[in-house]
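**Student:** Quick one: structure below, then a few questions.
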Amino acid sequence: MSSSPDTPLVFHKYQGAGNDFVMIDNRTGLFAPFDSPGTIAHLCDRHFGIGADGLILLQEKAGWDFEMVYFNADGNKSTMCGNGGRCVAAFARQLGISETNGAFRFWAADGAHEALFLPDGWVSLKMNDVTGVETGDRYFYLNTGSPHYVTFVTDIEKTDIIAEGRQVRYSPRFQQVGTNVNFVQLTPEGIIVATYERGVEDETLSCGTGVTAAALAAYLSTSGKIKDRIAVSTKGGNLEVRFQPSPDGFKDIWLNGPAVHVFTGGMKNE
């Protein structure tokens, strides 16, 4: 790391619907972004480190309120994380960063995002437009900031998320780059979603870009009969996705859900 061994590294733990993250204020470069994947993987390790699904650096970015840099639990820099995007906005507010016209405007791996704080305590995160949805016999494949394979099941409780998720993630098509795999059950209230995440290589309690992909796929799978404001249930909690269909996909996509500070800690840079 870039600071002296005597300087403590302060970190914050956040979770959004059970999807948890190590948050670090890197505006002064205390935690160099070129740190090794092994160091980041160690910090995310649930037995020998802090424990998290990923690590997020909040950094300066000219023209933006801040930049979000996301690393998977395996230590590798990754694409967009929806639950992490809401959590980093809550972290920025905790740090006292000023919002621009009532919202945070920040930069992430997939471009610009906006985050609003709702009266009920949830955070609303604007996602990028989605185009080019691939439709197969039993699946949808789309990119909501990260790549997602979505398939529908009749009983999600009886679905082996890890085994079936790995089968898709390590199939010849996705083995090299990877994909997240989402299992979705339609209900009268909305949808239930379970996600196998690449980079974590396990089921997570929730995945923000995953539930976004699942909601859009649910709209397509029902030929638009399911509403464009969809309630989502995951093992980690409830979320909501709202969007507008467009001729080539979807626009005005918002992911709403909790962003909770869990604890703050520190460790020496070694």
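Labeling convention for the structure tokens: chains A, B, ... as they appear, residues from 1 per chain, ligands from 1 in order of appearance.
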Excluding segment 116-131 of chain A and residues on its chain fewer than 3 positions from it, collect all residues at most 6 Å away from it, counting only C-alpha atoms, and give them as a JSON list (two decimals) with N, CA and C atoms, in the first residue's frame.

**Tutor:**
```json
[["chain", "number", "residue", "atom", "x", "y", "z"],
["A", 86, "ARG", "N", -25.19, 1.96, -4.58],
["A", 86, "ARG", "CA", -26.00, 2.62, -3.55],
["A", 86, "ARG", "C", -25.20, 2.81, -2.27],
["A", 103, "ALA", "N", -28.41, 15.37, -5.47],
["A", 103, "ALA", "CA", -28.08, 13.98, -5.82],
["A", 103, "ALA", "C", -26.57, 13.87, -6.02],
["A", 113, "HIS", "N", -23.37, 7.66, -13.21],
["A", 113, "HIS", "CA", -24.51, 7.24, -12.40],
["A", 113, "HIS", "C", -24.99, 8.40, -11.54],
["A", 248, "ASP", "N", -35.35, -0.02, -28.51],
["A", 248, "ASP", "CA", -34.19, -0.91, -28.61],
["A", 248, "ASP", "C", -33.77, -1.49, -27.27],
["A", 249, "GLY", "N", -34.63, -1.40, -26.25],
["A", 249, "GLY", "CA", -34.27, -1.95, -24.95],
["A", 249, "GLY", "C", -35.00, -1.27, -23.80],
["A", 250, "PHE", "N", -34.24, -0.70, -22.88],
["A", 250, "PHE", "CA", -34.81, -0.07, -21.70],
["A", 250, "PHE", "C", -34.02, 1.20, -21.36],
["A", 251, "LYS", "N", -34.72, 2.19, -20.82],
["A", 251, "LYS", "CA", -34.10, 3.44, -20.40],
["A", 251, "LYS", "C", -34.70, 3.86, -19.06],
["A", 253, "ILE", "N", -33.68, 3.59, -16.00],
["A", 253, "ILE", "CA", -33.67, 2.44, -15.10],
["A", 253, "ILE", "C", -33.16, 2.88, -13.73],
["A", 254, "TRP", "N", -33.92, 2.57, -12.68],
["A", 254, "TRP", "CA", -33.54, 2.92, -11.31],
["A", 254, "TRP", "C", -33.60, 1.69, -10.43],
["A", 255, "LEU", "N", -32.56, 1.51, -9.63],
["A", 255, "LEU", "CA", -32.49, 0.42, -8.66],
["A", 255, "LEU", "C", -32.64, 1.02, -7.27],
["A", 256, "ASN", "N", -33.71, 0.68, -6.58],
["A", 256, "ASN", "CA", -33.99, 1.22, -5.26],
["A", 256, "ASN", "C", -33.79, 0.15, -4.19],
["A", 257, "GLY", "N", -33.15, 0.54, -3.09],
["A", 257, "GLY", "CA", -32.94, -0.43, -2.01],
["A", 257, "GLY", "C", -32.14, 0.16, -0.88],
["A", 258, "PRO", "N", -31.90, -0.64, 0.16],
["A", 258, "PRO", "CA", -31.18, -0.16, 1.34],
["A", 258, "PRO", "C", -29.68, -0.03, 1.08]]
```

**Student:** Leaving out segment 147-157 of chain A and any residue of its chain fewer than 3 positions from it, which residues lie within 9 Å of it when counting only C-alpha atoms, given as a ChimeraX atom specification?

**Tutor:** /A:79,138-144,160-161,168-169,178-186,192-194,209-210,213-214,217-218,221

**Student:** Please identify all polymer residues within 10 Å of His12 of chain A, counting only C-alpha atoms, omitting same-chain residues fewer than 4 positions from it, and present them as a ChimeraX atom specification.

**Tutor:** /A:21-25,50,56,91,261-266

**Student:** Choose the residue, out of A:Ala89, A:Cys44, A:Ala231, A:Ala163, that has the smallest atom-to-atom separation from Asp20 of chain A; count only C-alpha atoms.

**Tutor:** A:Cys44

**Student:** Go through segment 215-266 of chain A and collect every residue that DSSP, computed from the backbone, puts in strand (DSSP E or B); the answer should be as a PDB file with C-alpha atoms, in the first residue's frame.

**Tutor:**
```pdb
ATOM      1  CA  ARG A 229     -42.034  -1.014 -11.408  1.00  0.00           C
ATOM      2  CA  ILE A 230     -41.115  -4.429 -10.047  1.00  0.00           C
ATOM      3  CA  ALA A 231     -40.772  -5.517  -6.421  1.00  0.00           C
ATOM      4  CA  VAL A 232     -37.819  -7.868  -5.935  1.00  0.00           C
ATOM      5  CA  SER A 233     -37.241 -10.310  -3.094  1.00  0.00           C
ATOM      6  CA  THR A 234     -33.758 -11.767  -2.412  1.00  0.00           C
ATOM      7  CA  GLY A 237     -33.790  -8.349   1.554  1.00  0.00           C
ATOM      8  CA  ASN A 238     -36.142  -6.437  -0.694  1.00  0.00           C
ATOM      9  CA  LEU A 239     -35.382  -4.099  -3.587  1.00  0.00           C
ATOM     10  CA  GLU A 240     -37.297  -2.405  -6.361  1.00  0.00           C
ATOM     11  CA  VAL A 241     -36.508  -1.835 -10.030  1.00  0.00           C
ATOM     12  CA  ARG A 242     -38.345   0.694 -12.182  1.00  0.00           C
ATOM     13  CA  PHE A 243     -37.710   1.421 -15.856  1.00  0.00           C
ATOM     14  CA  GLN A 244     -39.165   2.542 -19.160  1.00  0.00           C
ATOM     15  CA  PRO A 245     -39.215   0.217 -22.179  1.00  0.00           C
ATOM     16  CA  SER A 246     -37.704   1.738 -25.331  1.00  0.00           C
ATOM     17  CA  GLY A 249     -34.270  -1.949 -24.947  1.00  0.00           C
ATOM     18  CA  PHE A 250     -34.811  -0.070 -21.700  1.00  0.00           C
ATOM     19  CA  LYS A 251     -34.105   3.444 -20.402  1.00  0.00           C
ATOM     20  CA  ASP A 252     -34.612   5.471 -17.211  1.00  0.00           C
ATOM     21  CA  ILE A 253     -33.673   2.438 -15.097  1.00  0.00           C
ATOM     22  CA  TRP A 254     -33.539   2.923 -11.312  1.00  0.00           C
ATOM     23  CA  LEU A 255     -32.486   0.419  -8.662  1.00  0.00           C
ATOM     24  CA  ASN A 256     -33.994   1.220  -5.256  1.00  0.00           C
ATOM     25  CA  GLY A 257     -32.941  -0.425  -2.014  1.00  0.00           C
ATOM     26  CA  VAL A 260     -26.544   0.343   5.495  1.00  0.00           C
ATOM     27  CA  HIS A 261     -23.359   1.203   7.405  1.00  0.00           C
ATOM     28  CA  VAL A 262     -22.364  -1.859   9.438  1.00  0.00           C
ATOM     29  CA  PHE A 263     -19.146  -0.831  11.206  1.00  0.00           C
ATOM     30  CA  THR A 264     -15.867   1.074  10.914  1.00  0.00           C
ATOM     31  CA  GLY A 265     -12.455  -0.407  11.618  1.00  0.00           C
ATOM     32  CA  GLY A 266      -8.759   0.018  11.001  1.00  0.00           C
TER      33      GLY A 266
END
```

**Student:** Give the helix (DSSP H, G or I) residues of segment 89-126 of chain A, as DSSP finds them on the backbone, and put them as a ChimeraX atom specification.

**Tutor:** /A:89-94

**Student:** Using Å and a single decimal, report how far atom CA of Gly190 of chain A sits from atom CA of Ser206 of chain A.

**Tutor:** 15.7 Å

**Student:** I'd like the interatomic distance between atom CA of Asn72 of chain A and atom CA of Ile191 of chain A, to a tenth of an Å.

**Tutor:**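 Atom-to-atom, atom CA of Asn72 of chain A to atom CA of Ile191 of chain A, that is 25.8 Å.
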
**Student:** Considering only C-alpha atoms, state which residue in the set A:Gly165, A:Gly16, A:Gly132, A:Gly63 is at the smallest distance from Asp202 of chain A.

**Tutor:**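 Comparing A:Gly165, A:Gly16, A:Gly132, A:Gly63 against Asp202 of chain A, the winner is A:Gly165.
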
**Student:** From the list A:His42, A:Arg93, A:His47, A:Lys77, which residue is nearest Ala108 of chain A when using only C-alpha atoms?

**Tutor:** A:Lys77

**Student:** Kindly give the distance, in Å, that separates atom CA of Gly102 of chain A and atom CA of Ala90 of chain A, rounded to a single decimal.

**Tutor:**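 These two atoms are separated by 13.3 Å.
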
**Student:** Just the residues within 12 Å of Glu67 of chain A, please, counting only C-alpha atoms, with nothing from its chain fewer than 2 positions along; format it as JSON, numbers by chain.

**Tutor:** {"A": [24, 25, 26, 27, 56, 57, 58, 59, 60, 61, 62, 63, 64, 65, 69, 70, 80, 85, 88, 89, 92, 104, 105, 106, 107, 108, 109, 110, 111, 112, 113, 114]}

**Student:** Give me the residues within 10 Å of Ile40 of chain A as a list in words, counting only C-alpha atoms and dropping any in the same chain fewer than 6 places off.

**Tutor:**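 With the cut-off at 10 Å, the set is Val22, Gly49, Gly54, Leu55, Phe71, Asn72, Ala73, Asp74, Gly75, Asn76 and Lys77 of chain A.
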
**Student:** For a quick check of understanding, using only C-alpha atoms, which of A:Asn83, A:Thr222, A:Thr187, A:Gln176 has the smallest distance to Gly199 of chain A?

**Tutor:**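 Ranking A:Asn83, A:Thr222, A:Thr187, A:Gln176 by distance to Gly199 of chain A, first place goes to A:Gln176.
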